Each structure stands twice: as C-alpha cells, then as structure tokens.
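Asks: Input file: query-v4.txt. Contents: compact mmCIF, C-alpha atoms.
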# COMPACT_ATOMS: atom_id res chain seq x y z
CA MET A 197 266.25 43.28 195.35
CA HIS A 198 263.95 42.76 192.37
CA ILE A 199 262.81 45.59 190.09
CA SER A 200 260.10 45.26 187.46
CA ALA A 201 257.93 47.41 185.19
CA ALA A 202 255.97 44.71 183.35
CA PHE A 203 252.56 46.16 184.16
CA ASP A 204 250.15 48.84 182.96
CA SER A 205 252.10 52.10 182.35
CA GLY A 206 255.32 50.53 183.61
CA ASN A 207 258.54 52.06 182.31
CA ILE A 208 262.09 51.40 183.47
CA GLU A 209 265.22 49.71 182.12
CA ILE A 210 267.48 47.89 184.58
CA ILE A 211 271.23 48.36 184.31
CA ASP A 212 272.48 47.05 187.67
CA THR A 213 270.69 46.22 190.95
CA SER A 214 273.58 44.62 192.83
CA ASP A 215 274.05 47.58 195.19
CA PRO A 216 270.87 49.00 196.83
CA SER A 217 272.73 52.24 197.56
CA ALA A 218 273.45 52.77 193.85
CA VAL A 219 270.78 51.03 191.76
CA ARG A 220 271.40 51.87 188.13
CA LEU A 221 268.31 52.45 185.97
CA ALA A 222 267.23 54.20 182.77
CA ILE A 223 263.92 55.39 181.38
CA ARG A 224 262.81 53.67 178.17
CA LYS A 225 261.99 55.94 175.24
CA ASP A 226 258.39 56.35 174.11
CA THR A 227 257.12 54.01 171.39
CA ASN A 228 258.52 55.00 167.96
CA SER A 229 259.76 58.26 169.43
CA ASP A 230 262.69 59.96 171.15
CA PHE A 231 260.50 61.45 173.90
CA PHE A 232 261.03 60.09 177.41
CA GLN A 233 260.48 61.21 180.99
CA TRP A 234 257.71 59.06 182.47
CA PHE A 235 258.87 56.28 184.79
CA HIS A 236 256.90 53.73 186.83
CA PHE A 237 258.46 50.68 188.47
CA ARG A 238 258.26 48.40 191.48
CA ALA A 239 261.08 47.42 193.84
CA VAL A 240 260.66 44.26 195.97
CA GLY A 241 262.81 43.03 198.83
CA VAL A 242 263.65 46.51 200.07
CA ARG A 243 262.10 46.75 203.55
CA ALA A 244 264.29 48.88 205.87
CA THR A 245 266.95 49.11 203.16
CA PRO A 246 268.40 52.55 202.38
CA CYS A 247 267.97 52.71 198.61
CA ALA A 248 269.26 55.11 195.98
CA PHE A 249 267.72 54.61 192.54
CA ARG A 250 269.90 56.36 189.95
CA ILE A 251 268.11 57.17 186.68
CA GLU A 252 271.22 57.58 184.60
CA ASN A 253 269.72 59.01 181.40
CA ALA A 254 267.69 61.73 183.17
CA GLY A 255 269.95 64.42 181.72
CA ALA A 256 268.84 63.47 178.21
CA ALA A 257 265.11 63.41 179.04
CA SER A 258 262.63 65.48 177.10
CA PHE A 259 262.08 68.19 179.72
CA THR A 260 265.08 68.35 182.03
CA ARG A 261 263.69 71.41 183.83
CA GLY A 262 261.13 68.98 185.17
CA TRP A 263 263.78 67.42 187.41
CA GLU A 264 264.58 70.72 189.14
CA ASP A 265 263.01 70.87 192.64
CA TYR A 266 261.23 67.61 191.82
CA ARG A 267 260.32 64.85 194.28
CA ALA A 268 259.26 61.42 193.01
CA VAL A 269 256.04 59.72 194.14
CA ALA A 270 256.01 56.38 195.95
CA SER A 271 253.31 54.04 197.22
CA TYR A 272 253.03 50.74 199.06
CA ASP A 273 249.34 50.18 198.31
CA ARG A 274 248.95 52.09 194.99
CA ILE A 275 246.34 54.28 196.70
CA ASP A 276 248.37 56.65 198.87
CA TRP A 277 251.12 58.24 196.74
CA PHE A 278 253.57 60.23 198.83
CA ARG A 279 256.67 62.18 197.87
CA VAL A 280 260.23 60.97 198.37
CA PRO A 281 263.48 62.93 197.88
CA ALA A 282 265.02 63.18 194.43
CA GLN A 283 268.24 64.94 193.50
CA TYR A 284 269.25 65.98 189.98
CA ASP A 285 272.90 66.78 189.26
CA GLY A 286 272.45 67.71 185.61
CA GLU A 287 272.91 64.14 184.39
CA VAL A 288 271.47 61.66 186.90
CA LEU A 289 268.22 61.78 188.88
CA THR A 290 268.70 59.96 192.19
CA ILE A 291 265.64 58.89 194.19
CA ARG A 292 266.47 58.16 197.83
CA HIS A 293 264.12 56.21 200.07
CA THR A 294 264.21 53.69 202.89
CA PRO A 295 261.00 51.66 202.39
CA GLU A 296 258.88 50.56 205.35
CA ARG A 297 257.43 47.61 203.45
CA ASP A 298 258.79 44.77 201.33
CA ALA A 299 257.57 46.24 198.03
CA VAL A 300 257.17 49.81 196.88
CA TYR A 301 256.10 51.47 193.63
CA TYR A 302 257.80 54.60 192.28
CA ALA A 303 256.51 56.86 189.51
CA TYR A 304 256.88 60.27 187.91
CA PHE A 305 253.34 61.12 189.06
CA ALA A 306 250.58 59.00 190.57
CA PRO A 307 249.65 56.47 187.85
CA TYR A 308 246.11 56.06 186.57
CA SER A 309 245.56 52.55 185.21
CA GLY A 310 243.50 51.31 182.32
CA GLU A 311 241.46 49.23 184.76
CA ARG A 312 240.64 52.31 186.81
CA HIS A 313 239.57 54.04 183.61
CA ALA A 314 237.35 51.08 182.68
CA ASP A 315 235.81 51.07 186.16
CA ALA A 316 235.13 54.80 185.90
CA MET A 317 233.46 54.48 182.50
CA ALA A 318 231.25 51.67 183.79
CA ARG A 319 230.34 53.63 186.92
CA TYR A 320 229.50 56.88 185.13
CA GLN A 321 227.32 55.26 182.49
CA THR A 322 224.99 54.02 185.23
CA SER A 323 223.98 57.64 185.85
CA PRO A 324 220.73 58.61 184.13
CA ARG A 325 222.48 61.79 183.03
CA ILE A 326 225.32 60.05 181.17
CA ALA A 327 225.44 58.03 177.96
CA HIS A 328 228.49 55.98 176.98
CA ALA A 329 229.61 55.70 173.36
CA VAL A 330 232.77 54.58 171.53
CA LEU A 331 234.27 56.91 168.95
CA GLY A 332 236.33 54.08 167.40
CA GLN A 333 239.47 52.10 168.04
CA THR A 334 243.10 53.05 168.57
CA LEU A 335 246.04 51.49 166.74
CA ASP A 336 246.36 48.87 169.50
CA GLY A 337 242.64 48.10 169.21
CA ALA A 338 241.54 49.88 172.39
CA ASP A 339 238.18 51.60 172.53
CA LEU A 340 238.20 55.39 172.52
CA ASP A 341 235.49 56.08 175.09
CA LEU A 342 233.13 59.04 174.92
CA LEU A 343 230.73 60.13 177.66
CA ILE A 344 227.78 62.32 176.73
CA VAL A 345 226.50 64.19 179.76
CA GLY A 346 223.05 65.76 179.56
CA GLU A 347 220.68 66.03 176.63
CA PRO A 348 221.54 67.71 173.32
CA GLY A 349 218.99 70.31 172.35
CA THR A 350 218.35 73.12 169.89
CA GLY A 351 220.27 76.18 170.96
CA LYS A 352 222.13 74.40 173.75
CA PRO A 353 225.86 75.11 173.94
CA VAL A 354 228.06 72.09 173.22
CA CYS A 355 230.95 71.69 175.68
CA TRP A 356 233.87 69.32 175.13
CA THR A 357 236.44 68.21 177.70
CA ILE A 358 239.35 65.94 176.80
CA GLY A 359 242.38 64.62 178.70
CA ARG A 360 245.52 62.48 178.46
CA GLN A 361 246.52 63.45 174.93
CA HIS A 362 249.95 63.06 176.51
CA PRO A 363 249.65 59.74 178.33
CA GLY A 364 252.22 60.43 181.04
CA GLU A 365 250.18 63.42 182.21
CA THR A 366 248.01 61.34 184.52
CA GLN A 367 246.90 64.47 186.33
CA ALA A 368 244.24 64.75 183.63
CA SER A 369 242.62 61.42 184.50
CA TRP A 370 242.45 62.32 188.20
CA TRP A 371 240.98 65.72 187.23
CA MET A 372 238.32 63.97 185.15
CA GLU A 373 237.17 61.97 188.17
CA GLY A 374 236.44 65.14 190.11
CA PHE A 375 234.69 66.72 187.13
CA LEU A 376 232.57 63.68 186.28
CA ASP A 377 231.78 62.79 189.89
CA ARG A 378 230.19 66.18 190.29
CA LEU A 379 228.40 66.10 186.94
CA SER A 380 226.84 62.73 187.83
CA ASP A 381 225.67 63.92 191.27
CA GLU A 382 221.95 64.57 190.89
CA ALA A 383 221.92 66.54 194.16
CA ASP A 384 224.57 69.01 192.98
CA PRO A 385 222.87 72.32 192.05
CA VAL A 386 225.78 73.54 189.92
CA ALA A 387 225.76 70.37 187.86
CA ARG A 388 222.02 70.64 187.45
CA ALA A 389 222.26 74.26 186.31
CA VAL A 390 225.02 73.51 183.78
CA LEU A 391 223.11 70.56 182.32
CA ASP A 392 219.91 72.59 182.08
CA MET A 393 221.76 74.89 179.69
CA ALA A 394 224.36 72.71 177.92
CA VAL A 395 225.39 69.24 176.83
CA LEU A 396 228.88 67.93 177.55
CA TYR A 397 231.06 65.52 175.57
CA VAL A 398 233.97 64.04 177.55
CA VAL A 399 236.91 61.96 176.30
CA ALA A 400 238.62 61.20 179.58
CA ASN A 401 241.60 59.40 178.01
CA MET A 402 242.56 60.39 174.48
CA ASN A 403 245.61 58.12 174.42
CA PRO A 404 244.92 54.68 175.92
CA ASP A 405 247.71 53.03 173.91
CA GLY A 406 250.39 55.41 175.14
CA SER A 407 249.00 55.19 178.66
CA ARG A 408 249.28 51.40 178.77
CA ARG A 409 252.71 51.37 177.11
CA GLY A 410 254.19 53.76 179.69
CA ASN A 411 254.83 56.60 177.24
CA LEU A 412 255.23 60.20 178.25
CA ARG A 413 253.92 61.96 175.17
CA VAL A 414 252.96 59.83 172.15
CA ASN A 415 250.60 57.11 170.94
CA ALA A 416 251.47 53.69 169.49
CA ALA A 417 252.61 55.22 166.20
CA GLY A 418 254.87 57.75 167.92
CA ALA A 419 252.51 60.65 167.19
CA ASN A 420 252.26 63.55 169.62
CA LEU A 421 248.47 63.89 169.54
CA ASN A 422 248.51 67.54 170.55
CA ARG A 423 250.35 68.36 167.34
CA GLU A 424 247.99 66.41 165.06
CA TRP A 425 244.83 68.55 165.03
CA ALA A 426 245.41 70.26 161.67
CA GLU A 427 245.74 67.01 159.68
CA PRO A 428 245.03 63.89 161.77
CA SER A 429 244.86 60.50 160.09
CA MET A 430 243.51 57.06 160.91
CA GLU A 431 246.97 55.66 160.13
CA THR A 432 248.98 57.64 162.70
CA SER A 433 246.56 59.59 164.94
CA PRO A 434 243.13 57.94 164.91
CA GLU A 435 242.43 59.28 168.40
CA VAL A 436 242.47 62.88 167.15
CA TYR A 437 240.85 62.06 163.81
CA LEU A 438 237.87 60.36 165.47
CA THR A 439 237.45 63.04 168.12
CA ARG A 440 237.72 65.88 165.61
CA GLU A 441 235.16 64.26 163.31
CA CYS A 442 232.73 63.96 166.21
CA MET A 443 233.36 67.58 167.16
CA ARG A 444 232.53 68.64 163.63
CA ALA A 445 229.29 66.69 163.83
CA THR A 446 228.23 68.21 167.17
CA GLY A 447 229.78 71.65 166.92
CA VAL A 448 231.87 73.09 169.75
CA ASP A 449 231.18 76.15 171.90
CA PHE A 450 233.58 75.30 174.74
CA CYS A 451 236.64 73.02 174.88
CA LEU A 452 238.97 72.30 177.78
CA ASP A 453 242.02 70.15 177.06
CA VAL A 454 243.52 68.90 180.36
CA HIS A 455 247.29 68.40 180.71
CA GLY A 456 250.25 68.31 183.08
CA ASP A 457 253.38 70.46 182.82
CA GLU A 458 256.81 69.10 183.69
CA ALA A 459 258.60 72.33 184.61
CA LEU A 460 256.23 74.88 186.12
CA PRO A 461 255.00 74.31 189.71
CA TYR A 462 251.69 76.08 189.14
CA ILE A 463 248.14 75.46 187.91
CA PHE A 464 247.43 77.65 184.90
CA ILE A 465 245.54 77.86 181.63
CA ALA A 466 247.03 78.45 178.20
CA GLY A 467 244.49 80.12 175.97
CA ALA A 468 244.27 80.39 172.21
CA GLY A 469 245.42 84.01 172.09
CA GLY A 470 247.50 83.69 168.94
CA ILE A 471 244.84 82.41 166.54
CA PRO A 472 244.17 84.53 163.44
CA SER A 473 240.43 84.94 164.14
CA LEU A 474 240.68 85.75 167.86
CA SER A 475 237.62 87.75 168.92
CA ASP A 476 236.92 90.12 171.78
CA ARG A 477 234.20 87.70 172.81
CA GLN A 478 236.68 84.81 173.21
CA VAL A 479 239.01 87.02 175.24
CA ALA A 480 236.20 88.18 177.52
CA LEU A 481 234.91 84.64 178.07
CA LYS A 482 238.37 83.43 179.11
CA LYS A 483 238.68 86.29 181.62
CA THR A 484 235.32 85.34 183.10
CA TYR A 485 236.32 81.67 183.27
CA ASP A 486 239.67 82.55 184.90
CA ALA A 487 238.02 84.67 187.57
CA ALA A 488 235.40 82.01 188.34
CA LEU A 489 237.99 79.24 188.61
CA MET A 490 240.11 81.32 190.99
CA ARG A 491 237.06 81.86 193.19
CA ALA A 492 236.23 78.16 193.14
CA SER A 493 239.81 76.94 193.68
CA PRO A 494 242.61 78.95 195.32
CA ASP A 495 245.01 76.41 193.74
CA TYR A 496 244.44 78.16 190.40
CA GLN A 497 246.32 81.30 189.41
CA THR A 498 246.91 83.46 186.34
CA GLU A 499 250.27 85.15 186.99
CA LYS A 500 252.52 82.22 185.96
CA GLY A 501 252.18 80.22 182.77
CA TYR A 502 253.23 80.05 179.13
CA PRO A 503 253.88 83.25 177.16
CA SER A 504 251.04 84.06 174.79
CA ALA A 505 251.67 83.49 171.10
CA PRO A 506 251.98 86.68 169.02
CA PRO A 507 248.81 87.69 167.13
CA GLY A 508 248.19 85.36 164.21
CA LYS A 509 250.98 82.98 165.24
CA GLY A 510 249.00 80.44 167.25
CA ASN A 511 249.91 76.80 166.65
CA LEU A 512 246.83 75.43 164.86
CA THR A 513 248.13 71.86 165.13
CA MET A 514 247.27 72.00 168.85
CA CYS A 515 243.80 71.19 170.14
CA SER A 516 242.96 74.43 171.92
CA SER A 517 244.08 76.68 169.06
CA HIS A 518 242.58 74.50 166.33
CA VAL A 519 239.19 74.30 168.05
CA ALA A 520 239.15 78.02 168.86
CA GLU A 521 239.95 78.90 165.24
CA HIS A 522 237.67 76.37 163.55
CA PHE A 523 234.61 76.80 165.76
CA GLY A 524 235.05 80.26 167.27
CA ALA A 525 234.80 78.54 170.65
CA LEU A 526 236.19 79.33 174.07
CA SER A 527 239.00 76.76 173.89
CA MET A 528 241.75 76.39 176.50
CA THR A 529 244.50 74.09 177.78
CA LEU A 530 244.59 73.48 181.53
CA GLU A 531 248.02 72.63 182.95
CA MET A 532 248.80 71.04 186.34
CA PRO A 533 252.26 70.36 187.82
CA PHE A 534 254.18 67.13 188.19
CA LYS A 535 255.83 68.78 191.18
CA ASP A 536 254.05 70.63 193.98
CA ASN A 537 251.90 73.73 193.73
CA ALA A 538 254.42 76.43 194.68
CA ASN A 539 251.61 78.70 195.88
CA ALA A 540 250.16 76.12 198.28
CA SER A 541 252.62 73.33 198.97
CA ASP A 542 251.86 69.94 200.52
CA PRO A 543 255.07 68.50 202.02
CA ARG A 544 253.78 64.91 202.04
CA HIS A 545 251.93 64.62 198.74
CA GLY A 546 252.89 67.60 196.59
CA TRP A 547 250.40 68.12 193.79
CA SER A 548 248.33 64.97 194.15
CA PRO A 549 245.41 62.93 192.77
CA ASP A 550 243.09 64.35 195.42
CA ARG A 551 243.99 67.91 194.53
CA CYS A 552 243.51 67.12 190.83
CA ARG A 553 240.03 65.79 191.61
CA ARG A 554 239.14 68.86 193.62
CA LEU A 555 240.30 71.11 190.80
CA GLY A 556 238.16 69.06 188.39
CA ALA A 557 235.13 69.62 190.61
CA ALA A 558 235.90 73.36 190.72
CA GLY A 559 235.96 73.37 186.92
CA LEU A 560 232.20 72.95 186.97
CA ASP A 561 231.78 76.23 188.86
CA ALA A 562 233.93 77.97 186.25
CA LEU A 563 231.90 76.45 183.42
CA LEU A 564 228.67 77.67 185.00
CA ALA A 565 230.06 81.21 184.95
CA VAL A 566 230.38 81.22 181.15
CA VAL A 567 227.90 78.66 179.86
CA ALA A 568 225.03 81.12 179.29
CA ASP A 569 227.27 83.30 177.13
CA LEU A 570 228.98 80.64 175.01
CA ARG A 571 226.66 81.34 172.10
CA ASP A 572 225.97 84.82 170.73
Output the file's structure as structure tokens, nothing else.
Replies:
Amino acid sequence: MHISAAFDSGNIEIIDTSDPSAVRLAIRKDTNSDFFQWFHFRAVGVRATPCAFRIENAGAASFTRGWEDYRAVASYDRIDWFRVPAQYDGEVLTIRHTPERDAVYYAYFAPYSGERHADAMARYQTSPRIAHAVLGQTLDGADLDLLIVGEPGTGKPVCWTIGRQHPGETQASWWMEGFLDRLSDEADPVARAVLDMAVLYVVANMNPDGSRRGNLRVNAAGANLNREWAEPSMETSPEVYLTRECMRATGVDFCLDVHGDEALPYIFIAGAGGIPSLSDRQVALKKTYDAALMRASPDYQTEKGYPSAPPGKGNLTMCSSHVAEHFGALSMTLEMPFKDNANASDPRHGWSPDRCRRLGAAGLDALLAVVADLRD
C-alpha cells in the first residue's frame, strides 16, 4: 500500500501503513494555525483489500461534532464521489472500505481543485454577460478572481456573492458552478430578469492559498478570513482587504457568503440579526428570500440553524454582519453540510457536488424574489 497527499488540497500525515486493516494516519494542522479537520489523500495498491484508515488525531480536531454520523467521501475517478462508512469513538475516526480499483481517493468532502477553478473562470468569461477581473494577489501570489455579471447602471442594485473564505468548505465552489452556469445561460428567463435589474460581483474562491495547501479554515498567514472583515490588512488577510475595498467602491445591496458547516446536517442561512443597525426592511427581505429559496429548493429549510445573536451583539468581524452593518444591505451566510441532508438523505452520495450545484441554481430564483426591493 502507498498513501500520498502531495497534490492540490492534499492533507494527511502517515504514521504506519504496514497493516491495511489498521492504517495509522493523522490530519496535518492548517498553515500557521491550530485548526484542522480537512483531509484528502490517495491510497494505491488496495484493490479488493479490506482497509481501515484510522485518523488518530480526530478527537483533537477543530469541530469534533462533525465526526458524529459522518461518512467520508471516496472516488476512483475524482468525478463520482460516493460515501463510505466512518466510525468515531471519541478519539479516532476510522474509515472502512474495500476498494474495487487499485487506487482510491478519500476526502472530508468532494474536493474542488485550483485547475477546476481556473477552467471555470476561463469558461465563464467567454459569456457576453460576464467580465473577468483580478482584485489583486494573495500571499502565495495567486490571483484573486472577480467575475462581474451584467452591466452596472445608475440605480441598479449591486449584488455580491463570495465563497470559500474557509478553504475546506468546498461545497461553496460546487454551489458557485450552479449559480454561475445559470447566470451565463442566455436562454434562462430568471437570469435575464435578474440581470435586467441588477449587476452581480462574484468571488468564487476567496482563499486560493488555503485551498491549495489543504487547509480547513485559514489562509497562508493563518488568518481566518471570516473574522477579518472589521480590520483586514494586506499583510495577513489581503483577500478580505481587496474584496472589501472593491465593495466600498461599488456599494453593496445584497451579499451572500457561501459556506459549509461541519456539525449540522441541514442547509440553512445565518442572517445578520444581531447588528446594531438592523432594520425592519432587512428582516423583511430575508423572510422573502427564505420563502423563495424554499420554493425553489426543498433541500433548504429554516427550522434548524445557528441561534441568532442578541440585539446589538452581532460579530462585525464576520462578512455577513459587517456588510449588513456598513452598507445596510441584505447580507447572509449560506451553510451546507459536510454530512448528508437529514431532511432528504442520499444513501450513496450524501450531500454532494450535484446537490450543491442545484442549490446554487435555485439561489437565482431566490435573488429574483428580492432584487426589485433591495433599494428603497
């Protein structure tokens, strides 16, 4: 047996591979940080071999509730990612699988590579509706890509959508494909209606450095980008600094920050309910958006989620709260599970890239429901 993680978003440390029934592994910590939970590795020479991959530091991971009722994802071709059994005993996460092929990839969720991101950016910018710009460079020198969808215009609402602030939350990149595929479809009447009324700014991957390095939550400097919005800097969080500066140049009427949640097996939205300047208008717009998204996607629900922050106690270092407070915008955080959707389970795939894409497409219906009312 040979195990490796020396590839885009790879993360695993090898302790002992001498016994396939008790392979000893550990997850490497994020760059310059104590966060860890994302794993992504390949095992070769395992066809028809009953394997048990023991991640021995799982009990010290950042979000141990994420291991409860969790099944890992596996793939032979890196296209079809299916679920395999995983058992957590409070200390060790054991992934059990008898592969049907010589080599198999395992990951916390279906990976989304930098090459796939580059291909997507190149594909979308060929649409006459979409312009491609670069906000600047990350600490590793990667481009921070921005897509501008539609034409800015006087009085037009400005809508921002960002994803992958936390690089291990690859659900966001799959969601972006569904959202952008529909926006670039000239035959789609919903896309046409939205773009008649608004212009969209999309940063599909806010954290390319952390994504490539195989981090769960931080960038190359060890900064958790979704805690940097109050005082970002080019030294530690250029991704947020550059995006926030562009937002201040364009204005923001709508912002959706797309994430994945380790523990909760539901799709839900965390609003900006605790901000000091919360208005009745913002509350009403979120209710309208919620209702429209539930109509467009039965995967979405509003009963389970994070508790709302007490009035005036919203965390203004986070994107959704900062943008809602600074711009008076409808600003929200969308969360998707690493596990399955408990309300509509899929025994083979769990929550999957395809379901993320479909939810992204449904997000356009929800945006249409509020876009005409985003400005007073």
Asks: From the list A:Leu331, A:Ala256, A:Val354, A:Ala368, which residue is nearest Asp457 of chain A when using only C-alpha atoms?
Replies: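 Checking each of A:Leu331, A:Ala256, A:Val354, A:Ala368 against Asp457 of chain A, counting only C-alpha atoms, the winner is A:Ala368.
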Asks: Could you check which residues have any atom within 12 Å of (222.8, 73.1, 183.6), counting all atoms listed in the file with coordinates taken straight from the file, and then list them as JSON, numbers by chain?
Replies: {"A": [325, 345, 346, 347, 348, 352, 353, 354, 355, 379, 380, 382, 384, 385, 386, 387, 388, 389, 390, 391, 392, 393, 394, 395, 396, 560, 561, 563, 564, 565, 566, 567, 568]}
Asks: Separation of atom CA of Ser473 of chain A and atom CA of Leu489 of chain A, in Å?
Replies: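 So the two atoms, atom CA of Ser473 of chain A and atom CA of Leu489 of chain A, lie 25.2 Å apart.
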Asks: Using only C-alpha atoms, determine which residues lie at most 7 Å from Lys535 of chain A, disregarding the query and same-chain residues fewer than 3 positions distant; provide the list as a PyMOL selection string.
Replies: chain A and resi 266-267+461+546-547
Asks: Just to confirm, what's the straight-line distance from atom CA of Ala525 of chain A to atom CA of Gly467 of chain A in Å (one decimal)?
Replies: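 Value for the atom CA of Ala525 of chain A-atom CA of Gly467 of chain A distance: 11.2 Å.
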Asks: What is the distance between atom CA of Ala557 of chain A and atom CA of Val269 of chain A, in Å to one decimal?
Replies: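 Distance reported for this atom pair: 23.4 Å.
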Asks: Which residues are close to Arg554 of chain A, i.e. within 12 Å by all atoms listed in the file, leaving aside same-chain residues fewer than 2 positions away? Reply as a JSON list (two decimals) with C-alpha atoms, in the coordinates of the input.
Replies:
[["chain", "number", "residue", "atom", "x", "y", "z"],
["A", 367, "GLN", "CA", 246.90, 64.47, 186.33],
["A", 368, "ALA", "CA", 244.24, 64.75, 183.63],
["A", 370, "TRP", "CA", 242.45, 62.32, 188.20],
["A", 371, "TRP", "CA", 240.98, 65.72, 187.23],
["A", 372, "MET", "CA", 238.32, 63.97, 185.15],
["A", 373, "GLU", "CA", 237.17, 61.97, 188.17],
["A", 374, "GLY", "CA", 236.44, 65.14, 190.11],
["A", 375, "PHE", "CA", 234.69, 66.72, 187.13],
["A", 376, "LEU", "CA", 232.57, 63.68, 186.28],
["A", 377, "ASP", "CA", 231.78, 62.79, 189.89],
["A", 378, "ARG", "CA", 230.19, 66.18, 190.29],
["A", 489, "LEU", "CA", 237.99, 79.24, 188.61],
["A", 492, "ALA", "CA", 236.23, 78.16, 193.14],
["A", 493, "SER", "CA", 239.81, 76.94, 193.68],
["A", 494, "PRO", "CA", 242.61, 78.95, 195.32],
["A", 495, "ASP", "CA", 245.01, 76.41, 193.74],
["A", 496, "TYR", "CA", 244.44, 78.16, 190.40],
["A", 547, "TRP", "CA", 250.40, 68.12, 193.79],
["A", 548, "SER", "CA", 248.33, 64.97, 194.15],
["A", 549, "PRO", "CA", 245.41, 62.93, 192.77],
["A", 550, "ASP", "CA", 243.09, 64.35, 195.42],
["A", 551, "ARG", "CA", 243.99, 67.91, 194.53],
["A", 552, "CYS", "CA", 243.51, 67.12, 190.83],
["A", 556, "GLY", "CA", 238.16, 69.06, 188.39],
["A", 557, "ALA", "CA", 235.13, 69.62, 190.61],
["A", 558, "ALA", "CA", 235.90, 73.36, 190.72],
["A", 559, "GLY", "CA", 235.96, 73.37, 186.92],
["A", 560, "LEU", "CA", 232.20, 72.95, 186.97],
["A", 561, "ASP", "CA", 231.78, 76.23, 188.86]]
Asks: Mind checking which residues fall within 10 Å of Ser258 of chain A, counting only C-alpha atoms, ignoring those fewer than 2 positions away in the same chain, and posting them as a list in words?
Replies: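 Contacts, in chain order: Lys225, Asp230, Phe231, Phe232, Gln233, Trp234, Ala254, Gly255, Ala256, Thr260, Arg261, Gly262, Leu412, Arg413 and Glu458 of chain A.
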Asks: Can you work out which one of A:Leu343, A:Leu460, A:Leu452, A:Ala445 has the shortest atom-to-atom distance to Val399 of chain A, counting all atoms listed in the file?
Replies: A:Leu343
